[in-house]
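Okay, structure first, notes after.
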Amino acid sequence: MRRVLLIILLLIAASVLIGLAVVEHPGYVLIAYKNFRYESSLWAAVALIAVVCLAVYLLRLLLSLVFVSGGVVNPWSRRNRKRRVQLASEQGLLDLAEGRWARAVRHLQRAADGDQQPLIYYLGAARAANELGEYEQSDGFLEKALERQPHAELAIALAHAELQQARGQTEAALETLQVMRERHPHHRQVLKHLQQVHQQRGDWPAVIALLPDLRKDKVLGDAELSALEQQAWSARLASAASEGLNNGEIALQPLTQAWQHLSKSQRSEPQLVAVYAQQLHALGAPEEAEEVLRAAIARQYDSRLAELYGQVRGRDLAKQLQTAEGWLKANASDPLLLLCLGRLCLQNRLWGKAREYFESSLSFARSPQACAELARLLAQQGELERSNELFQESLGLLDQHLPSLPLPEAVSA
């Protein structure tokens with residue numbers, strides 16, 4: 001309120017000053033140009049200039065209002081086109097995120113057709129069409145994206161490979177990615193997608209061949225890369241063992257050759273050693289499996305390898321038992337080693353000692369394998385009641401790893 005009063009007072013003061021100036025001296029203005037002549041007082045000329053400026057301002061305001069209103073009313077105006085594209089893009093991306101595929105295709109196509117940078121909309125429309133099973137339409141959107149933004153070839157190719165992979169077209173996805181790898185040999189996403197496609201196809205030799213590049217370009221973390229490496233080589237060893245069973249004949253050469261292709265550090269990995277020993281045992285070479293396990297455990301003790309050691313039969317059973325008992329000094333509370341020793345005692349026909357080892361294993365951990373081994377031994381020794389109890393316990397422990405499924409009611413005796 002004070003500000004309004006101050007402005008009014010200033011306007012009144014300015015009017016008074018101007019009035020005094022007009023009364024004191026009207027002034028004189030003469031504008032002459034060729035045949036044109038304009039004469040007036042100074043203040044009349046100032047008033048005329050003010051009126052002309054006000055008229056120009058009002059005319060500009062009127063024209064801007066006319067054009068703006070025309071842009072609002074006219075459906076084909078640039079303003080309305082831009083607004084329609086924005087609404088279509090917002091709705092299309094929302095439909096895509098919420099899984100309304102048909103609506104997403106319609107809105108994103110409209111947004112892509114009206115935007116100067118349509119890549120994200122074409123990729124979204126291609127994905128939505130792919131979810132609808134409209135594979136030709138999906139590929140068509142990607143072709144349009146490439147035509148409009150050819151510099152985004154890599155991004156479009158990666159999206160295409162991902163969609164092909166989702167369709168189960170792994171061969172086509174592989175071709176797409178191989179072309180991109182030739183043009184971008186060290187691109188992380190290209191290498192990662194290649195690894196995924198090879199893994200989906202079960203082409204473990206190809207995964208193994210890709211491992212050096214995955215490590216060099218740091219495509220995966222150390223833990224993830226190590227897990228992939230072990231998975232790939234485990235599958236490769238299993239495949240080599242299968243090759244050794246062709247034509248009904250058993251041959252160790254494919255398996256041993258595959259094992260030799262591993263690096264020295266890989267041949268010390270417990271998981272790979274276990275897979276190699278299991279495949280040797282499956283091919284009818286338990287003595288070789290025993291040697292491999294014994295050497296690996298001597299380098300570094302591992303409970304899983306110790307358990308497996310009790311399942312293979314070496315050349316000298318007494319020496320095998322003696323070797324395993326040597327590990328007991330530093331691992332007296334390992335239930336898997338005690339289970340291994342119990343099984344080795346069975347192979348050596350040391351029934352009492354085997355029973356002690358099985359019971360000792362169960363004192364540290366209640367495992368279904370130890371329960372079953374001890375139950376089987378007690379059944380042969382005539383202790384049927386306790387044997388049945390242990391068999392029931394073994395089944396109960398196994399049930400913990402089974403899915404929860406409905407069962408009939410227990411029948412009363």
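By convention in this document, the chains of the structure tokens carry letters A, B, ... by their order, each chain's residues are numbered from 1, and ligands are numbered from 1 in the order they are shown.
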
Need the shell around Leu317 (chain A): protein/DNA/RNA residues with any atom at most 9 Å away, counting only C-alpha atoms. Skip same-chain ones fewer than 4 positions apart. Format as a PDB file with N, CA and C atoms, in the first residue's frame?
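The result, stored in part_19.pdb:
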ATOM      1  N   ARG A 313      38.114 -95.457  -5.907  1.00  0.00           N
ATOM      2  CA  ARG A 313      38.878 -96.628  -5.451  1.00  0.00           C
ATOM      3  C   ARG A 313      40.252 -96.585  -6.103  1.00  0.00           C
ATOM      4  N   LEU A 321      43.619 -95.192   2.509  1.00  0.00           N
ATOM      5  CA  LEU A 321      43.098 -94.908   3.841  1.00  0.00           C
ATOM      6  C   LEU A 321      44.141 -94.221   4.706  1.00  0.00           C
ATOM      7  N   GLN A 322      45.364 -94.686   4.612  1.00  0.00           N
ATOM      8  CA  GLN A 322      46.441 -94.102   5.406  1.00  0.00           C
ATOM      9  C   GLN A 322      46.667 -92.637   5.009  1.00  0.00           C
ATOM     10  N   LEU A 344      36.221 -95.219   3.193  1.00  0.00           N
ATOM     11  CA  LEU A 344      37.468 -95.914   2.897  1.00  0.00           C
ATOM     12  C   LEU A 344      37.645 -97.133   3.804  1.00  0.00           C
ATOM     13  N   CYS A 345      37.189 -97.010   5.059  1.00  0.00           N
ATOM     14  CA  CYS A 345      37.247 -98.170   5.955  1.00  0.00           C
ATOM     15  C   CYS A 345      36.340 -99.291   5.447  1.00  0.00           C
ATOM     16  N   GLN A 347      35.735 -99.885   2.315  1.00  0.00           N
ATOM     17  CA  GLN A 347      36.456-100.499   1.196  1.00  0.00           C
ATOM     18  C   GLN A 347      37.561-101.429   1.704  1.00  0.00           C
ATOM     19  N   ASN A 348      38.111-101.116   2.888  1.00  0.00           N
ATOM     20  CA  ASN A 348      39.145-101.959   3.480  1.00  0.00           C
ATOM     21  C   ASN A 348      38.562-103.016   4.422  1.00  0.00           C
TER      22      ASN A 348
END

Have a look at CA of Ala223 (chain A) and CA of Ala161 (chain A) and let me know their distance in Å, one decimal.
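So the answer is 26.1 Å.
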
Which of these residues is nearest to Trp351 (chain A), using only C-alpha atoms: A:Asp113, A:Glu373, A:Asp334, A:Glu131?
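The shortest atom-to-atom distance to Trp351 (chain A) comes from A:Glu373.
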
Compare A:Ala238, A:Leu339, A:Ile7, A:Ala102 by their minimum atom-to-atom distance to Glu134 (chain A), counting only C-alpha atoms, and give me the closest one.
A:Ala102

In region 41-278 of chain A, what's helix (DSSP H, G or I) per DSSP? Answer as a PyMOL selection string?
chain A and resi 42-73+78-98+101-114+119-131+135-148+150-167+170-183+188-201+204-216+222-243+246-248+253-260+266-268+270-278

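Between Gln300 (chain A) and the residues A:Cys340, A:Val273, A:Leu87, A:Ala159, the shortest atom-to-atom distance, using only C-alpha atoms, involves A:Val273.
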
Show which residues sit within 8 Å of Arg148 (chain A), as a VMD selection string. Count only C-alpha atoms, and ignore same-chain residues fewer than 4 positions away.
chain A and resid 118 to 119 144

Could you give me, as an MDAnalysis selection string, the residues within 12 Å of Gln137 (chain A), counting only C-alpha atoms and dropping anything in the same chain fewer than 6 positions from it?
chainID A and resid 102 105:106 109 122:123 125:131 143:144

I'd like the neighbourhood of Ala173 (chain A) as JSON, numbers by chain, where a residue qualifies if any of its atoms comes within 12 Å (using only C-alpha atoms), though same-chain residues fewer than 2 positions away should be ignored.
{"A": [157, 158, 159, 160, 161, 162, 163, 164, 165, 166, 167, 168, 169, 170, 171, 175, 176, 177, 178, 179, 180, 190, 193, 194, 195, 196, 197, 198, 200, 201]}

Can I get the selection written as a tab-separated table (two decimals), in the first residue's frame, with N, CA and C atoms?
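This is the output file result_29.tsv:
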chain	number	residue	atom	x	y	z
A	157	ALA	N	22.12	-52.05	-33.32
A	157	ALA	CA	22.51	-53.45	-33.49
A	157	ALA	C	22.45	-54.21	-32.17
A	158	LEU	N	22.87	-53.58	-31.09
A	158	LEU	CA	22.80	-54.23	-29.78
A	158	LEU	C	21.35	-54.51	-29.39
A	159	ALA	N	20.47	-53.54	-29.66
A	159	ALA	CA	19.05	-53.76	-29.37
A	159	ALA	C	18.49	-54.88	-30.25
A	160	HIS	N	18.91	-54.91	-31.51
A	160	HIS	CA	18.44	-55.96	-32.43
A	160	HIS	C	18.89	-57.33	-31.94
A	161	ALA	N	20.14	-57.44	-31.55
A	161	ALA	CA	20.66	-58.73	-31.05
A	161	ALA	C	19.92	-59.16	-29.79
A	162	GLU	N	19.62	-58.22	-28.92
A	162	GLU	CA	18.90	-58.55	-27.69
A	162	GLU	C	17.49	-59.07	-28.00
A	163	LEU	N	16.82	-58.44	-28.97
A	163	LEU	CA	15.49	-58.89	-29.36
A	163	LEU	C	15.54	-60.25	-30.04
A	164	GLN	N	16.55	-60.47	-30.88
A	164	GLN	CA	16.71	-61.77	-31.53
A	164	GLN	C	16.97	-62.86	-30.48
A	165	GLN	N	17.75	-62.52	-29.48
A	165	GLN	CA	18.03	-63.47	-28.42
A	165	GLN	C	16.76	-63.80	-27.64
A	166	ALA	N	15.92	-62.80	-27.40
A	166	ALA	CA	14.66	-63.03	-26.70
A	166	ALA	C	13.72	-63.92	-27.51
A	167	ARG	N	13.82	-63.83	-28.85
A	167	ARG	CA	12.98	-64.68	-29.72
A	167	ARG	C	13.49	-66.11	-29.80
A	168	GLY	N	14.70	-66.34	-29.31
A	168	GLY	CA	15.32	-67.64	-29.46
A	168	GLY	C	16.10	-67.77	-30.75
A	169	GLN	N	16.27	-66.67	-31.48
A	169	GLN	CA	17.02	-66.68	-32.74
A	169	GLN	C	18.50	-66.43	-32.43
A	170	THR	N	19.11	-67.37	-31.74
A	170	THR	CA	20.48	-67.17	-31.28
A	170	THR	C	21.48	-67.12	-32.43
A	171	GLU	N	21.20	-67.85	-33.50
A	171	GLU	CA	22.11	-67.83	-34.64
A	171	GLU	C	22.13	-66.44	-35.28
A	175	GLU	N	25.25	-63.64	-35.43
A	175	GLU	CA	25.74	-62.97	-36.65
A	175	GLU	C	25.76	-61.45	-36.47
A	176	THR	N	24.70	-60.91	-35.88
A	176	THR	CA	24.64	-59.46	-35.65
A	176	THR	C	25.79	-59.00	-34.76
A	177	LEU	N	26.03	-59.73	-33.69
A	177	LEU	CA	27.07	-59.34	-32.74
A	177	LEU	C	28.47	-59.53	-33.32
A	178	GLN	N	28.67	-60.54	-34.13
A	178	GLN	CA	29.99	-60.76	-34.74
A	178	GLN	C	30.34	-59.62	-35.69
A	179	VAL	N	29.34	-59.11	-36.42
A	179	VAL	CA	29.59	-57.96	-37.30
A	179	VAL	C	30.00	-56.75	-36.47
A	180	MET	N	29.29	-56.54	-35.36
A	180	MET	CA	29.62	-55.40	-34.50
A	180	MET	C	30.99	-55.58	-33.83
A	190	VAL	N	29.20	-55.23	-26.52
A	190	VAL	CA	29.26	-56.22	-27.59
A	190	VAL	C	29.82	-57.53	-27.05
A	193	HIS	N	27.28	-59.23	-24.62
A	193	HIS	CA	26.19	-59.88	-25.34
A	193	HIS	C	26.67	-61.14	-26.05
A	194	LEU	N	27.88	-61.11	-26.59
A	194	LEU	CA	28.44	-62.30	-27.24
A	194	LEU	C	28.58	-63.44	-26.24
A	195	GLN	N	29.07	-63.11	-25.06
A	195	GLN	CA	29.23	-64.14	-24.03
A	195	GLN	C	27.88	-64.74	-23.66
A	196	GLN	N	26.86	-63.90	-23.55
A	196	GLN	CA	25.54	-64.38	-23.18
A	196	GLN	C	24.94	-65.28	-24.27
A	197	VAL	N	25.16	-64.90	-25.53
A	197	VAL	CA	24.62	-65.71	-26.64
A	197	VAL	C	25.34	-67.06	-26.70
A	198	HIS	N	26.67	-67.05	-26.58
A	198	HIS	CA	27.42	-68.31	-26.58
A	198	HIS	C	26.96	-69.20	-25.42
A	200	GLN	N	24.02	-69.12	-23.92
A	200	GLN	CA	22.67	-69.60	-24.20
A	200	GLN	C	22.69	-70.76	-25.19
A	201	ARG	N	23.62	-70.71	-26.14
A	201	ARG	CA	23.73	-71.77	-27.13
A	201	ARG	C	24.45	-73.01	-26.59

With distances taken over only C-alpha atoms, the candidate from A:Arg236, A:Arg181, A:Arg215, A:Arg3 nearest Gln279 (chain A) is A:Arg236
